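Structure record follows, encoded as structure tokens.
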Amino acid sequence: MSSPALPPLPHIPISELVLAPLPQRRIFTEEDMPVFLRSKAYARYTLFVRTLNEAVVDTPLPDKVIEEGVSEPIRKLLAMLDELDRWTTDIPPKPTPQRFGNLAFRDWGARLEERAPTLLSTLLPKSLRPAIPHLTPYLLASFGSFVRIDYGSGHEVSFLLFLLGLHELGFTQQAAEEERALVLRVLARYLDVCFRLESTYKLEPAGSHGVWGLDDYCFVPYIFGSAQVRSSQSPPHLSLADPPVPSPTINLYTQNISRIAQFKRGPWHEHSPQLHSIATTVARWAKVNSGMLKMYDAEVLRKRVVMQHVVFGGLLPWEAEEGMGVAKEGKEGRMLEEAPGGGAAVGTRAPWADGAGSAPLAVAAVPWASSASAHTASLPTLLPRGERRQQRTAAAGGRDGFAIPSLPARQGNSLRATGSAAAMSSPFGVLSRPSPAVGLPRPQRDPERERESERRDG
């Protein structure tokens, strides 16, 4: 089934942009998120991501040496990224003992802040140079925080916003071939530069959720990489093989899997359970791709901690998009949108959505996003010693005088028992948990330790 045609992105004349206010922060609290989710900025950015996604469907990575057919704007973007990559060689890491955050990265960032106007002047034609003050904030935020010395999906968003701004100005053309090159050449080169920054300066993952995150540093390679093999007959579980299938040389998804394998050891279900569950549960790459788009919306664009550093104005208007609906707060903290009949539909309608009958966008619940009330309700009540003893006898797995709170009932072969709330409302469907043969060993009861505990409580 072919995807519906996406509308074009708006063109912003430079004469209008110079009259617009310079970008500034708009997201400070959770109350600002509903405004963002119905803004022109959100509508345009999500449309841009979907447009790039469709441009690379079933298209392998090109040969990095051969640049035949590459437009002049793409060549200039690649030259700028090559220049940035050379700075990593010019500025070696300092001999500091920190596990994360080599201070030399601040020297790299200081050079970027100093030379950003020159880089953009070289990149842009004279007619577009008045846009430099509007593009500079996104370029500066694309390679990590020079204060915290970290990098995460929010910085990745900034680089895509930088490309979106160039697209809206007409620097790059709204044509399938040009959009394909933005992903397979420019974004791929950007990821190479960032990967080298991460490994050279030991950048800390920004806002990492540990093993429950999809990836410590990035997200979009999994979106576009799964689109590259969307019609592939190769099952997704082979992406975790050694070597991965399809080859890392032909798509961004398995390329990033290979990079993870360079730094993490052990079974995939232990250090990357989200990727492992997707690979072993989702049968088709088309489902992986659609699930990644929904997960990106839920776990990146709808998270204040990620989007709070993005600036708005000019190229990224904060004003509401016409027809986006009136956002209001719904149950469980989800943003609901007023439906035509007065009801509520989960998610915010995007410009590529179908008519009234289109399915709402599911928001993936994750372990670290549970509400405080739900967490408090699960805590055990402190009881007198005698009652604790009776409760411990009835509770499964109790030890050392503390009763373990009961877990929700298991549903089939879900990841509920391993602590993944994301598995129960995932955009990929119900994710499977590792089989006992490959999973973590189950705790064994120690009769001697239990008897000793009973004697103490006597």
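Naming works like this for the structure tokens: A, B, ... for the chains as they're shown, residue 1 at the start of each chain, ligands 1 onward in shown order.
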inquiry  = Can you pull out the residues contacting A:Thr96? Cut-off 12 Å, using only C-alpha atoms, and skip same-chain residues under 5 positions away; I want them as a ChimeraX atom specification.
reply    = /A:101-104,201-202
Go ahead and save the residues from that selection, with N, CA and C atoms, as a PDB file, in the first residue's frame.
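Okay, this is what ended up in again00.pdb:
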ATOM      1  N   GLY A 101      32.859  13.566  29.545  1.00  0.00           N
ATOM      2  CA  GLY A 101      33.012  15.005  29.433  1.00  0.00           C
ATOM      3  C   GLY A 101      34.428  15.525  29.435  1.00  0.00           C
ATOM      4  N   ASN A 102      35.140  15.308  28.321  1.00  0.00           N
ATOM      5  CA  ASN A 102      36.473  15.879  28.211  1.00  0.00           C
ATOM      6  C   ASN A 102      36.353  17.376  27.950  1.00  0.00           C
ATOM      7  N   LEU A 103      37.085  18.176  28.714  1.00  0.00           N
ATOM      8  CA  LEU A 103      36.948  19.639  28.659  1.00  0.00           C
ATOM      9  C   LEU A 103      37.382  20.234  27.323  1.00  0.00           C
ATOM     10  N   ALA A 104      38.099  19.474  26.507  1.00  0.00           N
ATOM     11  CA  ALA A 104      38.489  19.985  25.192  1.00  0.00           C
ATOM     12  C   ALA A 104      37.271  20.231  24.299  1.00  0.00           C
ATOM     13  N   TYR A 201      35.598  13.014  22.697  1.00  0.00           N
ATOM     14  CA  TYR A 201      35.476  13.845  23.899  1.00  0.00           C
ATOM     15  C   TYR A 201      34.629  13.185  24.986  1.00  0.00           C
ATOM     16  N   LYS A 202      34.262  11.915  24.789  1.00  0.00           N
ATOM     17  CA  LYS A 202      33.503  11.154  25.796  1.00  0.00           C
ATOM     18  C   LYS A 202      32.263  11.937  26.245  1.00  0.00           C
TER      19      LYS A 202
END
inquiry  = Can you pull out the residues contacting stretch 51-57 of chain A? Cut-off 7 Å, using only C-alpha atoms, and skip same-chain residues under 2 positions away; I want them as number ranges by chain.
reply    = A: 6, 47-49, 59, 176, 179-180, 183, 224, 227-230
Atoms kept (C-alpha atoms) for selection, written as an mmCIF file, in the first residue's frame:
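result22.cif, freshly written:
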data_model
loop_
_atom_site.group_PDB
_atom_site.id
_atom_site.type_symbol
_atom_site.label_atom_id
_atom_site.label_comp_id
_atom_site.auth_asym_id
_atom_site.auth_seq_id
_atom_site.Cartn_x
_atom_site.Cartn_y
_atom_site.Cartn_z
ATOM 1 C CA LEU A 6 2.496 14.735 1.451
ATOM 2 C CA LEU A 47 5.907 17.202 7.886
ATOM 3 C CA PHE A 48 9.619 17.633 7.100
ATOM 4 C CA VAL A 49 10.532 14.393 8.899
ATOM 5 C CA THR A 59 17.107 3.398 -1.136
ATOM 6 C CA ALA A 176 12.730 13.913 -4.063
ATOM 7 C CA GLU A 179 15.564 15.422 -0.065
ATOM 8 C CA ARG A 180 17.069 11.966 -0.499
ATOM 9 C CA VAL A 183 19.313 12.171 4.465
ATOM 10 C CA PHE A 224 15.265 6.733 8.103
ATOM 11 C CA ALA A 227 12.560 3.356 5.709
ATOM 12 C CA GLN A 228 15.585 2.415 3.588
ATOM 13 C CA VAL A 229 14.693 -1.280 3.967
ATOM 14 C CA ARG A 230 10.925 -0.875 4.316
#
task = Using only C-alpha atoms, determine which residues lie at most 9 Å from A:Phe146, disregarding the query and same-chain residues fewer than 5 positions distant; provide the list as number ranges by chain.
result = A: 103, 105-110
inquiry  = For the structure I just gave you, how does DSSP split stretch 142-313 of chain A - specifically, which residues are helix (DSSP H, G or I)? Reply as a ChimeraX atom specification.
reply    = /A:153-169,176-201,210-212,220-228,236-240,252-263,268-271,273-281,285-301,304-307
task = Enter the distance from atom CA of A:Ser290 to atom CA of A:Gly152, in Å, rounded to one decimal.
result =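 Atom-to-atom, atom CA of A:Ser290 and atom CA of A:Gly152 are spaced 22.0 Å apart.
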key: Spatial neighbours of A:Phe195, 9 Å, only C-alpha atoms, chain gap at least 5 places, as a ChimeraX atom specification   = /A:190,200,259
Hey, can you spit out that residue selection with N, CA, C and O atoms as a JSON list (two decimals), in the first residue's frame?
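As written to disk, result-v3.json reads:
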[["chain", "number", "residue", "atom", "x", "y", "z"],
["A", 190, "TYR", "N", 26.67, 14.11, 8.99],
["A", 190, "TYR", "CA", 26.48, 14.73, 10.30],
["A", 190, "TYR", "C", 26.59, 13.68, 11.41],
["A", 190, "TYR", "O", 27.24, 13.92, 12.44],
["A", 200, "THR", "N", 35.52, 10.83, 20.87],
["A", 200, "THR", "CA", 36.77, 11.56, 21.15],
["A", 200, "THR", "C", 36.70, 12.30, 22.48],
["A", 200, "THR", "O", 37.63, 12.23, 23.29],
["A", 259, "ARG", "N", 27.51, 0.58, 15.55],
["A", 259, "ARG", "CA", 28.20, 1.52, 16.42],
["A", 259, "ARG", "C", 27.94, 1.19, 17.90],
["A", 259, "ARG", "O", 28.84, 1.29, 18.73]]
task = Select, from A:Phe143, A:Pro246, A:Phe312, A:Ala41, the residue with the minimum atom-to-atom distance to A:Asp192, counting only C-alpha atoms.
result =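 Of A:Phe143, A:Pro246, A:Phe312, A:Ala41, the one nearest A:Asp192, counting only C-alpha atoms, is A:Phe143.
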key: stretch 298-304 of chain A environment, 8 Å, only C-alpha atoms, sequence neighbours closer than 3 positions dropped, as a PyMOL selection string   = chain A and resi 27-30+33+37+153-154+294-295+307-308+362-364
inquiry  = I'd like the interatomic distance between atom CA of A:Pro13 and atom CA of A:Arg44, to a tenth of an Å.
reply    =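 Separation between atom CA of A:Pro13 and atom CA of A:Arg44: 16.0 Å.
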inquiry  = Using only C-alpha atoms, can you tell me which of A:Val193, A:Tyr217, A:Ala181, A:Gly207 comes closest to A:Asp63?
reply    =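 Of A:Val193, A:Tyr217, A:Ala181, A:Gly207, the one nearest A:Asp63, counting only C-alpha atoms, is A:Ala181.
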message = Using only C-alpha atoms, can you tell me which of A:Gln262, A:Ser199, A:Thr254, A:Thr136 comes closest to A:Leu275?
response =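 Selected residue with least distance to A:Leu275: A:Thr254.
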key: All residues 12 Å or closer to A:Ile74, only C-alpha atoms, same chain fewer than 3 positions away omitted, as number ranges by chain   = A: 67-71, 77-81, 123-124, 163, 166-167, 171-173, 177-187, 189
task = Using only C-alpha atoms, pick whichever of A:Glu198, A:Pro244, A:Pro427, A:Glu270 has the shortest atom-to-atom distance to A:Val288.
result =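 Of all the options, A:Pro427 lies closest to A:Val288.
Distances here use only C-alpha atoms; by that measure, the residue among A:Asp216, A:Glu168, A:Glu204, A:Asp297 closest to A:Pro10 is A:Glu168.
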ask   = Do you have the atom CA of A:Gly225-atom CA of A:Tyr45 distance handy?
value =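 Here the two named atoms are 18.7 Å from each other.
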